[in-house]
file work_11.txt (compact mmCIF, C-alpha atoms)
# COMPACT_ATOMS: atom_id res chain seq x y z
CA MET A 1 0.00 0.00 0.00
CA THR A 2 1.32 3.47 -0.90
CA VAL A 3 1.79 5.66 2.18
CA ALA A 4 2.73 9.34 2.01
CA LEU A 5 5.20 10.61 4.60
CA ILE A 6 4.65 14.36 4.94
CA THR A 7 6.97 16.70 6.82
CA HIS A 8 8.80 20.00 6.52
CA PRO A 9 12.17 21.35 7.74
CA ALA A 10 10.33 24.21 9.48
CA CYS A 11 9.05 21.71 12.03
CA LEU A 12 12.66 21.35 13.20
CA GLU A 13 12.89 25.12 13.84
CA HIS A 14 10.31 25.10 16.66
CA ASP A 15 12.60 25.61 19.67
CA THR A 16 10.98 25.09 23.08
CA GLY A 17 14.10 25.81 25.10
CA PRO A 18 16.34 23.75 27.40
CA GLY A 19 14.74 20.81 29.19
CA HIS A 20 11.39 20.94 27.41
CA PRO A 21 10.06 17.47 26.53
CA GLU A 22 8.56 18.57 23.20
CA ARG A 23 11.95 19.09 21.60
CA VAL A 24 13.37 18.98 18.11
CA GLU A 25 15.03 15.60 18.73
CA ARG A 26 11.56 14.00 18.76
CA LEU A 27 10.97 14.62 15.08
CA GLN A 28 14.57 13.80 14.23
CA ALA A 29 14.13 10.42 15.95
CA VAL A 30 10.93 9.68 14.04
CA LEU A 31 12.37 10.58 10.65
CA ALA A 32 15.62 8.68 11.26
CA ALA A 33 13.78 5.55 12.40
CA ILE A 34 11.46 5.57 9.38
CA GLU A 35 14.39 6.15 7.02
CA THR A 36 16.32 3.24 8.55
CA ALA A 37 13.29 0.96 8.30
CA ASP A 38 13.23 1.45 4.50
CA ILE A 39 9.49 0.83 4.21
CA PRO A 40 8.46 -0.09 0.63
CA GLY A 41 5.86 2.08 -1.07
CA LEU A 42 6.64 5.16 1.02
CA ILE A 43 6.44 8.44 -0.88
CA ARG A 44 7.74 11.68 0.58
CA GLU A 45 5.93 14.99 0.42
CA GLU A 46 6.74 18.47 1.73
CA ALA A 47 4.06 20.04 3.88
CA PRO A 48 2.48 23.26 2.62
CA ARG A 49 1.56 26.10 4.96
CA ALA A 50 -2.03 26.04 6.21
CA SER A 51 -3.87 29.24 5.35
CA ALA A 52 -5.71 31.42 7.82
CA ASP A 53 -8.97 30.52 6.06
CA GLN A 54 -8.27 26.80 6.50
CA LEU A 55 -7.45 27.30 10.18
CA SER A 56 -10.59 29.39 10.70
CA ALA A 57 -12.79 26.37 10.02
CA VAL A 58 -11.73 25.29 13.54
CA HIS A 59 -10.13 28.26 15.28
CA THR A 60 -11.43 31.74 16.00
CA ARG A 61 -9.95 34.58 13.99
CA GLU A 62 -8.81 36.15 17.25
CA HIS A 63 -6.77 33.04 18.11
CA ILE A 64 -5.24 32.82 14.63
CA ASP A 65 -4.43 36.53 14.45
CA ARG A 66 -2.94 36.51 17.95
CA LEU A 67 -0.46 33.77 17.02
CA LEU A 68 0.34 35.13 13.56
CA ALA A 69 1.07 38.55 15.06
CA LEU A 70 3.64 37.25 17.55
CA GLU A 71 7.09 38.74 17.09
CA ILE A 72 9.80 36.67 18.77
CA SER A 73 13.43 37.53 18.23
CA GLU A 74 15.91 34.85 17.18
CA GLY A 75 17.09 33.00 20.28
CA ASP A 76 14.26 34.27 22.49
CA HIS A 77 11.26 32.37 23.84
CA THR A 78 7.68 33.29 24.68
CA ALA A 79 5.62 31.15 27.07
CA LEU A 80 1.88 31.09 26.39
CA ASP A 81 1.41 28.95 29.51
CA ALA A 82 3.58 26.75 31.70
CA ASP A 83 3.80 24.08 28.98
CA THR A 84 3.54 25.93 25.67
CA VAL A 85 6.77 27.71 24.76
CA LEU A 86 7.40 29.42 21.42
CA SER A 87 10.47 30.59 19.53
CA SER A 88 10.86 32.60 16.34
CA GLY A 89 10.20 29.46 14.25
CA SER A 90 7.24 28.08 16.18
CA VAL A 91 4.28 29.60 14.36
CA GLU A 92 5.71 28.64 10.97
CA ALA A 93 6.21 25.09 12.26
CA ALA A 94 2.59 24.97 13.44
CA LEU A 95 1.34 26.25 10.09
CA ARG A 96 3.33 23.51 8.34
CA ALA A 97 2.07 20.88 10.80
CA ALA A 98 -1.53 21.76 10.02
CA GLY A 99 -0.65 21.97 6.33
CA ALA A 100 0.82 18.46 6.46
CA ALA A 101 -2.47 17.01 7.69
CA ILE A 102 -4.35 18.94 5.02
CA ARG A 103 -1.93 17.68 2.36
CA GLY A 104 -2.45 14.14 3.62
CA VAL A 105 -6.20 14.49 3.09
CA ASP A 106 -5.65 15.80 -0.43
CA LEU A 107 -3.29 12.98 -1.35
CA VAL A 108 -5.54 10.15 -0.19
CA LEU A 109 -8.74 11.65 -1.57
CA GLU A 110 -7.10 12.39 -4.92
CA GLY A 111 -5.78 8.83 -5.15
CA SER A 112 -2.04 9.55 -4.88
CA ALA A 113 -1.73 7.50 -1.67
CA LYS A 114 -3.94 5.13 0.25
CA ALA A 115 -2.80 6.50 3.61
CA ALA A 116 -0.64 9.35 4.90
CA PHE A 117 1.43 10.07 8.01
CA ALA A 118 2.25 13.67 8.92
CA ALA A 119 5.58 13.56 10.77
CA VAL A 120 5.43 17.02 12.27
CA ARG A 121 5.67 19.14 15.37
CA PRO A 122 4.31 20.90 17.34
CA PRO A 123 1.47 18.50 18.12
CA GLY A 124 -2.10 19.77 17.86
CA HIS A 125 -4.81 17.86 19.69
CA HIS A 126 -4.87 20.03 22.83
CA ALA A 127 -5.39 23.27 20.89
CA GLU A 128 -8.97 24.44 21.40
CA PRO A 129 -10.82 26.72 18.99
CA ASP A 130 -9.72 29.83 20.91
CA LEU A 131 -6.75 28.62 22.94
CA ALA A 132 -3.22 27.26 22.50
CA MET A 133 -2.26 24.84 25.27
CA GLY A 134 -0.43 21.63 26.08
CA PHE A 135 2.44 22.18 23.57
CA CYS A 136 -0.18 22.78 20.82
CA LEU A 137 -0.88 25.91 18.77
CA PHE A 138 -3.27 24.82 16.00
CA ASN A 139 -5.34 21.64 16.02
CA SER A 140 -3.96 20.01 12.88
CA ILE A 141 -6.22 16.95 12.86
CA ALA A 142 -9.42 18.99 13.39
CA VAL A 143 -8.36 21.41 10.65
CA ALA A 144 -7.79 18.44 8.32
CA ALA A 145 -11.26 17.11 9.13
CA GLN A 146 -12.89 20.40 8.18
CA HIS A 147 -10.78 20.59 5.02
CA ALA A 148 -12.09 17.17 3.99
CA ARG A 149 -15.64 18.43 4.44
CA HIS A 150 -15.40 21.90 2.97
CA HIS A 151 -12.91 21.30 0.14
CA HIS A 152 -13.70 17.69 -0.78
CA GLY A 153 -17.37 17.54 0.19
CA LEU A 154 -17.17 14.55 2.53
CA GLY A 155 -20.02 14.13 4.96
CA ARG A 156 -18.78 12.19 7.97
CA ILE A 157 -15.29 12.31 9.46
CA ALA A 158 -14.00 10.31 12.43
CA VAL A 159 -10.85 10.92 14.49
CA ALA A 160 -9.22 8.11 16.47
CA ASP A 161 -6.85 9.49 19.14
CA PHE A 162 -4.56 7.08 21.02
CA ASP A 163 -2.26 9.65 22.62
CA VAL A 164 -1.85 9.06 26.36
CA HIS A 165 -3.29 12.54 26.99
CA HIS A 166 -6.92 13.26 26.15
CA GLY A 167 -7.42 15.34 23.00
CA ASN A 168 -9.52 18.01 24.65
CA GLY A 169 -9.10 20.42 21.74
CA THR A 170 -10.42 17.99 19.15
CA GLN A 171 -13.30 17.04 21.43
CA ALA A 172 -14.20 20.72 21.90
CA ALA A 173 -14.05 21.38 18.15
CA PHE A 174 -16.27 18.36 17.38
CA TRP A 175 -18.69 18.51 20.32
CA ASP A 176 -21.68 20.18 18.62
CA ASP A 177 -21.27 18.72 15.13
CA PRO A 178 -23.02 15.37 14.51
CA ALA A 179 -21.04 14.87 11.26
CA LEU A 180 -17.79 14.65 13.23
CA PHE A 181 -16.89 11.78 15.57
CA PHE A 182 -14.10 11.69 18.15
CA ALA A 183 -12.86 8.50 19.85
CA SER A 184 -10.06 8.59 22.43
CA SER A 185 -8.17 6.29 24.76
CA HIS A 186 -6.02 8.06 27.34
CA GLN A 187 -4.63 7.75 30.83
CA SER A 188 -6.82 9.15 33.59
CA PRO A 189 -6.11 10.93 35.85
CA LEU A 190 -3.62 12.90 33.74
CA TYR A 191 -3.33 16.25 31.95
CA PRO A 192 -5.56 17.92 30.79
CA GLY A 193 -8.16 16.36 33.10
CA SER A 194 -10.91 15.88 30.50
CA GLY A 195 -12.10 12.73 28.72
CA ALA A 196 -14.46 11.08 31.19
CA ARG A 197 -16.78 8.38 29.86
CA HIS A 198 -19.83 10.57 30.38
CA GLU A 199 -18.45 13.19 27.95
CA ARG A 200 -20.39 12.10 24.86
CA GLY A 201 -20.88 15.17 22.66
CA SER A 202 -24.16 16.89 21.83
CA SER A 203 -25.14 14.08 19.43
CA ARG A 204 -23.34 11.19 21.17
CA ASN A 205 -20.54 11.81 18.71
CA VAL A 206 -17.75 11.47 21.30
CA ALA A 207 -16.48 8.21 22.82
CA ASN A 208 -13.89 8.27 25.60
CA ALA A 209 -12.11 5.29 27.16
CA PRO A 210 -10.06 6.48 30.15
CA LEU A 211 -7.41 4.00 31.31
CA ALA A 212 -5.86 3.81 34.75
CA PRO A 213 -2.17 4.54 35.31
CA GLY A 214 -0.21 1.32 34.86
CA SER A 215 -2.56 -0.05 32.22
CA SER A 216 -0.87 -2.44 29.80
CA GLY A 217 -1.44 -3.37 26.21
CA SER A 218 -4.13 -5.82 27.30
CA GLU A 219 -6.32 -3.08 28.78
CA PHE A 220 -5.56 -0.77 25.84
CA ARG A 221 -6.54 -3.38 23.26
CA ALA A 222 -9.67 -4.30 25.22
CA ALA A 223 -10.81 -0.67 25.37
CA TRP A 224 -10.46 -0.25 21.63
CA SER A 225 -11.94 -3.67 20.77
CA ARG A 226 -14.88 -3.37 23.16
CA ASP A 227 -15.74 0.33 23.03
CA LEU A 228 -13.95 2.59 20.57
CA LEU A 229 -13.59 0.59 17.35
CA PRO A 230 -17.26 -0.49 17.44
CA ALA A 231 -18.27 3.13 18.03
CA ILE A 232 -16.33 4.31 14.98
CA ASP A 233 -17.67 1.35 12.99
CA ALA A 234 -21.24 2.35 13.85
CA PHE A 235 -20.54 5.95 12.82
CA ALA A 236 -19.38 4.67 9.37
CA PRO A 237 -17.05 7.54 8.45
CA ASP A 238 -16.26 8.73 4.95
CA LEU A 239 -12.67 9.38 6.11
CA LEU A 240 -10.69 8.22 9.13
CA LEU A 241 -8.14 10.53 10.74
CA VAL A 242 -5.74 9.54 13.51
CA SER A 243 -4.06 11.53 16.26
CA ALA A 244 -1.00 9.32 16.63
CA GLY A 245 0.60 9.93 20.01
CA PHE A 246 3.05 7.32 21.28
CA ASP A 247 3.40 8.51 24.87
CA ALA A 248 1.50 5.60 26.43
CA HIS A 249 4.66 3.55 25.84
CA ALA A 250 6.16 1.96 28.96
CA SER A 251 9.34 4.05 28.60
CA ASP A 252 7.65 7.43 28.24
CA PRO A 253 8.52 9.91 30.99
CA LEU A 254 5.27 11.91 30.97
CA ALA A 255 2.79 9.15 31.82
CA GLN A 256 2.48 5.81 33.56
CA MET A 257 1.05 3.38 31.03
CA ARG A 258 2.82 0.24 29.79
CA LEU A 259 2.28 -0.07 26.06
CA HIS A 260 4.83 -1.31 23.54
CA ALA A 261 5.34 -0.80 19.82
CA ASP A 262 3.38 -3.90 18.90
CA ASP A 263 0.29 -2.47 20.62
CA TYR A 264 0.44 0.54 18.31
CA GLY A 265 0.98 -1.70 15.31
CA TRP A 266 -2.06 -3.77 16.32
CA LEU A 267 -4.33 -0.75 16.67
CA THR A 268 -3.11 0.79 13.42
CA ARG A 269 -3.93 -2.45 11.57
CA GLU A 270 -7.40 -2.42 13.16
CA LEU A 271 -7.92 1.19 12.04
CA VAL A 272 -6.72 0.37 8.52
CA ALA A 273 -9.23 -2.49 8.38
CA LEU A 274 -11.99 -0.21 9.62
CA ALA A 275 -11.12 2.39 6.99
CA GLY A 276 -11.23 -0.38 4.39
CA ARG A 277 -14.78 -1.26 5.41
CA HIS A 278 -16.16 2.27 5.26
CA CYS A 279 -14.09 4.66 3.19
CA GLY A 280 -11.98 2.83 0.67
CA GLY A 281 -9.07 2.59 3.07
CA TRP A 282 -8.62 6.37 3.29
CA LEU A 283 -6.70 7.16 6.46
CA VAL A 284 -4.58 10.16 7.45
CA SER A 285 -2.49 10.18 10.61
CA SER A 286 -0.65 13.03 12.34
CA LEU A 287 2.03 12.79 15.02
CA GLU A 288 1.04 13.97 18.48
CA GLY A 289 3.01 13.02 21.64
CA GLY A 290 5.81 10.61 22.51
CA TYR A 291 8.77 11.76 24.59
CA ASP A 292 11.19 8.84 24.94
CA LEU A 293 13.21 9.09 21.75
CA ALA A 294 14.00 5.41 21.23
CA ALA A 295 10.43 4.33 21.96
CA LEU A 296 9.03 7.11 19.79
CA GLY A 297 11.07 6.02 16.77
CA GLU A 298 10.19 2.36 17.24
CA CYS A 299 6.48 3.10 17.64
CA ALA A 300 6.38 5.42 14.63
CA VAL A 301 7.92 2.68 12.49
CA ALA A 302 5.36 0.14 13.75
CA HIS A 303 2.59 2.62 12.91
CA VAL A 304 3.82 3.41 9.40
CA GLU A 305 4.55 -0.25 8.63
CA ALA A 306 0.97 -1.08 9.59
CA LEU A 307 -0.32 1.76 7.41
CA ALA A 308 1.71 0.26 4.55
CA ASP A 309 0.26 -3.19 5.29
CA ARG A 310 3.73 -4.51 6.03
CA PRO A 311 4.25 -7.03 8.86
CA SER A 312 5.87 -5.27 11.82
CA ARG A 313 9.39 -6.23 12.81
CA THR A 314 9.09 -4.72 16.28
CA VAL A 315 9.55 -6.92 19.31
CA GLY A 316 7.41 -6.15 22.34
CA THR A 317 5.11 -7.58 24.91
CA ASN A 318 1.38 -7.29 25.14
CA GLY A 319 1.44 -6.34 28.79
call {"tool": "encode", "arguments": {"input": "work_11.txt", "output": "C-alpha cells"}}
result
Amino acid sequence: MTVALITHPACLEHDTGPGHPERVERLQAVLAAIETADIPGLIREEAPRASADQLSAVHTREHIDRLLALEISEGDHTALDADTVLSSGSVEAALRAAGAAIRGVDLVLEGSAKAAFAAVRPPGHHAEPDLAMGFCLFNSIAVAAQHARHHHGLGRIAVADFDVHHGNGTQAAFWDDPALFFASSHQSPLYPGSGARHERGSSRNVANAPLAPGSSGSEFRAAWSRDLLPAIDAFAPDLLLVSAGFDAHASDPLAQMRLHADDYGWLTRELVALAGRHCGGWLVSSLEGGYDLAALGECAVAHVEALADRPSRTVGTNG
C-alpha cells in the first residue's frame, strides 16, 4: 500500500528551550527511524503552509491573528502557559504541521496514496478553537477534518486518538457537530483532566475510554476492541483521521502506562481495516506526543509499517 510521509524542515525550527520534553530531537528520531526501516511504497511529500482561512474552520480569527502577530526575536522564547513555549520558528512550524495534515487528506482523496502520516511538530490535539495549550498551537487533525468536508465535500469524518493525553481540543471542536466523531483512549487521571466516559458530545458523537495509570497493552486493546472501534464502525465515516501519540509507551517519561510498539501496530492495523470497510481505506495520521526518543522512533515505524500493510518487525510484549 502506498503511504505518504509528509513533513517540513520548518518543524525542526520550533525551539521550546532547554529541558522541554517537546523538543526537536523528537521529530529527528521519528524521521531517522522511518528512514532506517526502508518501508516499501513510502512516498515523501513536503508540507504546505495552512492558510488562515483553513485554520478558521476550527479556530477563531482572534486566536489565529494573535499567534500570527507574535514577534519573537531569534534566540528568544515566549511562554503562552507553563507548557507551551514558542520561539521565532514556532508559528511557521505549526502552520506547516496543520498543512501536512491537510496535504495528507488531499493525497488520499485524490488517489495519490492510500494512507498518509504527517511527521510534524508541534502536536495539535490540545489546541482548542480559541486557545493554544499543552504544547499545541493549531489543532492540525481537526483542521484536516474540516478541510475534507469543505474542500472535498465529505459528509462524515471520524478521528481516532490514542495519545496518552486526552485530545480536549479535538473534542471541543467536534462537540456540537453530529457529522464529526471523536474516539479517544487516554490515561486518567492525567493532563488535561478531560475525557471522562460521560463526555459524549451533543449528538453522542464522542467516545472516551479512560485507562488507569499502569494499564498495559491488554487493557488498551480491550478498550479499543470493546468500546472505541465499534463506536467508529457504527458511525461509518467517509474518512478516518488519527491523532498518533506514542506517549502511552512503557518508557515514556510523561505518563504511567505500559504499552509497547506492537500495541500501536495492532491498533493501526485495526484502524486500517476499519477504513477499508467504510471509506476505501482512506486514512490520514498526524504525530502527536511521545517523549522517549528510542520508543518514539520504534512506535512510529510500527505505525507506518501497519499503514503500509507490512508485517511489523518490532519486538514487544502485550502487557
call {"tool": "closest_residue", "arguments": {"input": "work_11.txt", "among": "A:Ser194, A:Ser188, A:Thr36, A:Ser88", "to": "Gln171 (chain A)", "atoms": "only C-alpha atoms"}}
result
A:Ser194
call {"tool": "residues_near_point", "arguments": {"input": "work_11.txt", "point": "(8.0, 11.8, 21.9)", "cutoff": "9 Å", "atoms": "all atoms listed in the file", "output": "number ranges by chain"}}
result
A: 21-23, 25-27, 29-30, 245-247, 252, 288-297
call {"tool": "atom_distance", "arguments": {"input": "work_11.txt", "atom1": "CA of Val3 (chain A)", "atom2": "CA of Leu107 (chain A)"}}
result
9.6 Å
call {"tool": "residues_around", "arguments": {"input": "work_11.txt", "residues": "region 211-220 of chain A", "least_positions_apart": "4", "cutoff": "6 Å", "atoms": "only C-alpha atoms", "output": "list in words"}}
result
His186, Gln187, Ser188, Gln256, Met257, Arg258, Leu259, Asp263, Asn318 and Gly319 of chain A
call {"tool": "axis_aligned_box", "arguments": {"input": "work_11.txt", "around": "region 217-232 of chain A", "padding_each_side": "4 Å", "output": "AutoDock Vina command-line options"}}
result
--center_x -9.9 --center_y -0.8 --center_z 21.9 --size_x 24.8 --size_y 18.1 --size_z 21.8
call {"tool": "atom_distance", "arguments": {"input": "work_11.txt", "atom1": "CA of Ala183 (chain A)", "atom2": "CA of Pro230 (chain A)"}}
result
10.3 Å
call {"tool": "atom_distance", "arguments": {"input": "work_11.txt", "atom1": "CA of Ala302 (chain A)", "atom2": "CA of Ala173 (chain A)"}}
result
29.1 Å
call {"tool": "closest_residue", "arguments": {"input": "work_11.txt", "among": "A:Ala79, A:Ala275, A:Ala300, A:Ile141", "to": "His260 (chain A)", "atoms": "all atoms listed in the file"}}
result
A:Ala300
call {"tool": "residues_around", "arguments": {"input": "work_11.txt", "residues": "Asp76 (chain A)", "least_positions_apart": "6", "cutoff": "10 Å", "atoms": "all atoms listed in the file", "output": "ChimeraX atom specification"}}
result
/A:15-17,86-88
call {"tool": "closest_residue", "arguments": {"input": "work_11.txt", "among": "A:Arg66, A:His198, A:Arg61, A:His20", "to": "Ala82 (chain A)", "atoms": "all atoms listed in the file"}}
result
A:His20
call {"tool": "closest_residue", "arguments": {"input": "work_11.txt", "among": "A:Arg197, A:Arg226, A:Arg156, A:His165", "to": "Asp238 (chain A)", "atoms": "all atoms listed in the file"}}
result
A:Arg156
call {"tool": "closest_residue", "arguments": {"input": "work_11.txt", "among": "A:Val85, A:Pro18, A:Thr2, A:Arg269", "to": "Pro40 (chain A)", "atoms": "all atoms listed in the file"}}
result
A:Thr2
call {"tool": "closest_residue", "arguments": {"input": "work_11.txt", "among": "A:Leu307, A:Ala234, A:Ala158, A:Val284", "to": "Gly265 (chain A)", "atoms": "all atoms listed in the file"}}
result
A:Leu307
call {"tool": "residues_near_point", "arguments": {"input": "work_11.txt", "point": "(-11.2, 2.1, 1.9)", "cutoff": "12 Å", "atoms": "all atoms listed in the file", "output": "PyMOL selection string"}}
result
chain A and resi 1+108-109+111+113-115+236-240+271-284
call {"tool": "residues_around", "arguments": {"input": "work_11.txt", "residues": "His152 (chain A)", "least_positions_apart": "6", "cutoff": "10 Å", "atoms": "only C-alpha atoms", "output": "NGL selection string"}}
result
:A and (105-106 or 109-110 or 146)
call {"tool": "write_last_selection", "arguments": {"input": "work_11.txt", "atoms": "C-alpha atoms", "output": "PDB file, in the coordinates of the input"}}
result
ATOM      1  CA  VAL A 105      -6.200  14.490   3.090  1.00  0.00           C
ATOM      2  CA  ASP A 106      -5.650  15.800  -0.430  1.00  0.00           C
ATOM      3  CA  LEU A 109      -8.740  11.650  -1.570  1.00  0.00           C
ATOM      4  CA  GLU A 110      -7.100  12.390  -4.920  1.00  0.00           C
ATOM      5  CA  GLN A 146     -12.890  20.400   8.180  1.00  0.00           C
TER       6      GLN A 146
END
call {"tool": "residues_around", "arguments": {"input": "work_11.txt", "residues": "Thr84 (chain A)", "least_positions_apart": "6", "cutoff": "8 Å", "atoms": "all atoms listed in the file", "output": "MDAnalysis selection string"}}
result
chainID A and resid 16 132:136
call {"tool": "residues_around", "arguments": {"input": "work_11.txt", "residues": "Glu13 (chain A)", "least_positions_apart": "6", "cutoff": "7 Å", "atoms": "only C-alpha atoms", "output": "list in words"}}
result
Gly89, Ser90 and Ala93 of chain A
call {"tool": "decode", "arguments": {"input": "work_11.txt", "residues": "region 207-222 of chain A", "atoms": "N, CA and C atoms", "output": "short mmCIF file (atom, residue, chain, number, x, y, z; two decimals), in the first residue's frame"}}
result
data_model
loop_
_atom_site.label_atom_id
_atom_site.label_comp_id
_atom_site.auth_asym_id
_atom_site.auth_seq_id
_atom_site.Cartn_x
_atom_site.Cartn_y
_atom_site.Cartn_z
N ALA A 207 -16.65 9.43 22.03
CA ALA A 207 -16.48 8.21 22.82
C ALA A 207 -15.13 8.25 23.50
N ASN A 208 -15.12 8.23 24.82
CA ASN A 208 -13.89 8.27 25.60
C ASN A 208 -13.70 6.98 26.37
N ALA A 209 -12.47 6.49 26.39
CA ALA A 209 -12.11 5.29 27.16
C ALA A 209 -10.92 5.62 28.05
N PRO A 210 -11.17 6.20 29.23
CA PRO A 210 -10.06 6.48 30.15
C PRO A 210 -9.47 5.20 30.70
N LEU A 211 -8.14 5.17 30.82
CA LEU A 211 -7.41 4.00 31.31
C LEU A 211 -6.60 4.39 32.53
N ALA A 212 -6.55 3.51 33.50
CA ALA A 212 -5.86 3.81 34.75
C ALA A 212 -4.35 3.83 34.54
N PRO A 213 -3.63 4.63 35.34
CA PRO A 213 -2.17 4.54 35.31
C PRO A 213 -1.71 3.11 35.52
N GLY A 214 -0.70 2.70 34.78
CA GLY A 214 -0.21 1.32 34.86
C GLY A 214 -0.88 0.37 33.91
N SER A 215 -1.88 0.83 33.17
CA SER A 215 -2.56 -0.05 32.22
C SER A 215 -1.58 -0.55 31.16
N SER A 216 -1.75 -1.80 30.78
CA SER A 216 -0.87 -2.44 29.80
C SER A 216 -1.55 -2.52 28.44
N GLY A 217 -0.86 -3.16 27.51
CA GLY A 217 -1.44 -3.37 26.21
C GLY A 217 -2.74 -4.15 26.25
N SER A 218 -2.90 -5.03 27.21
CA SER A 218 -4.13 -5.82 27.30
C SER A 218 -5.33 -4.92 27.54
N GLU A 219 -5.21 -3.99 28.50
CA GLU A 219 -6.32 -3.08 28.78
C GLU A 219 -6.54 -2.12 27.61
N PHE A 220 -5.47 -1.66 27.00
CA PHE A 220 -5.56 -0.77 25.84
C PHE A 220 -6.29 -1.45 24.69
N ARG A 221 -5.89 -2.66 24.37
CA ARG A 221 -6.54 -3.38 23.26
C ARG A 221 -7.99 -3.68 23.58
N ALA A 222 -8.29 -4.01 24.84
CA ALA A 222 -9.67 -4.30 25.22
C ALA A 222 -10.54 -3.05 25.07
#
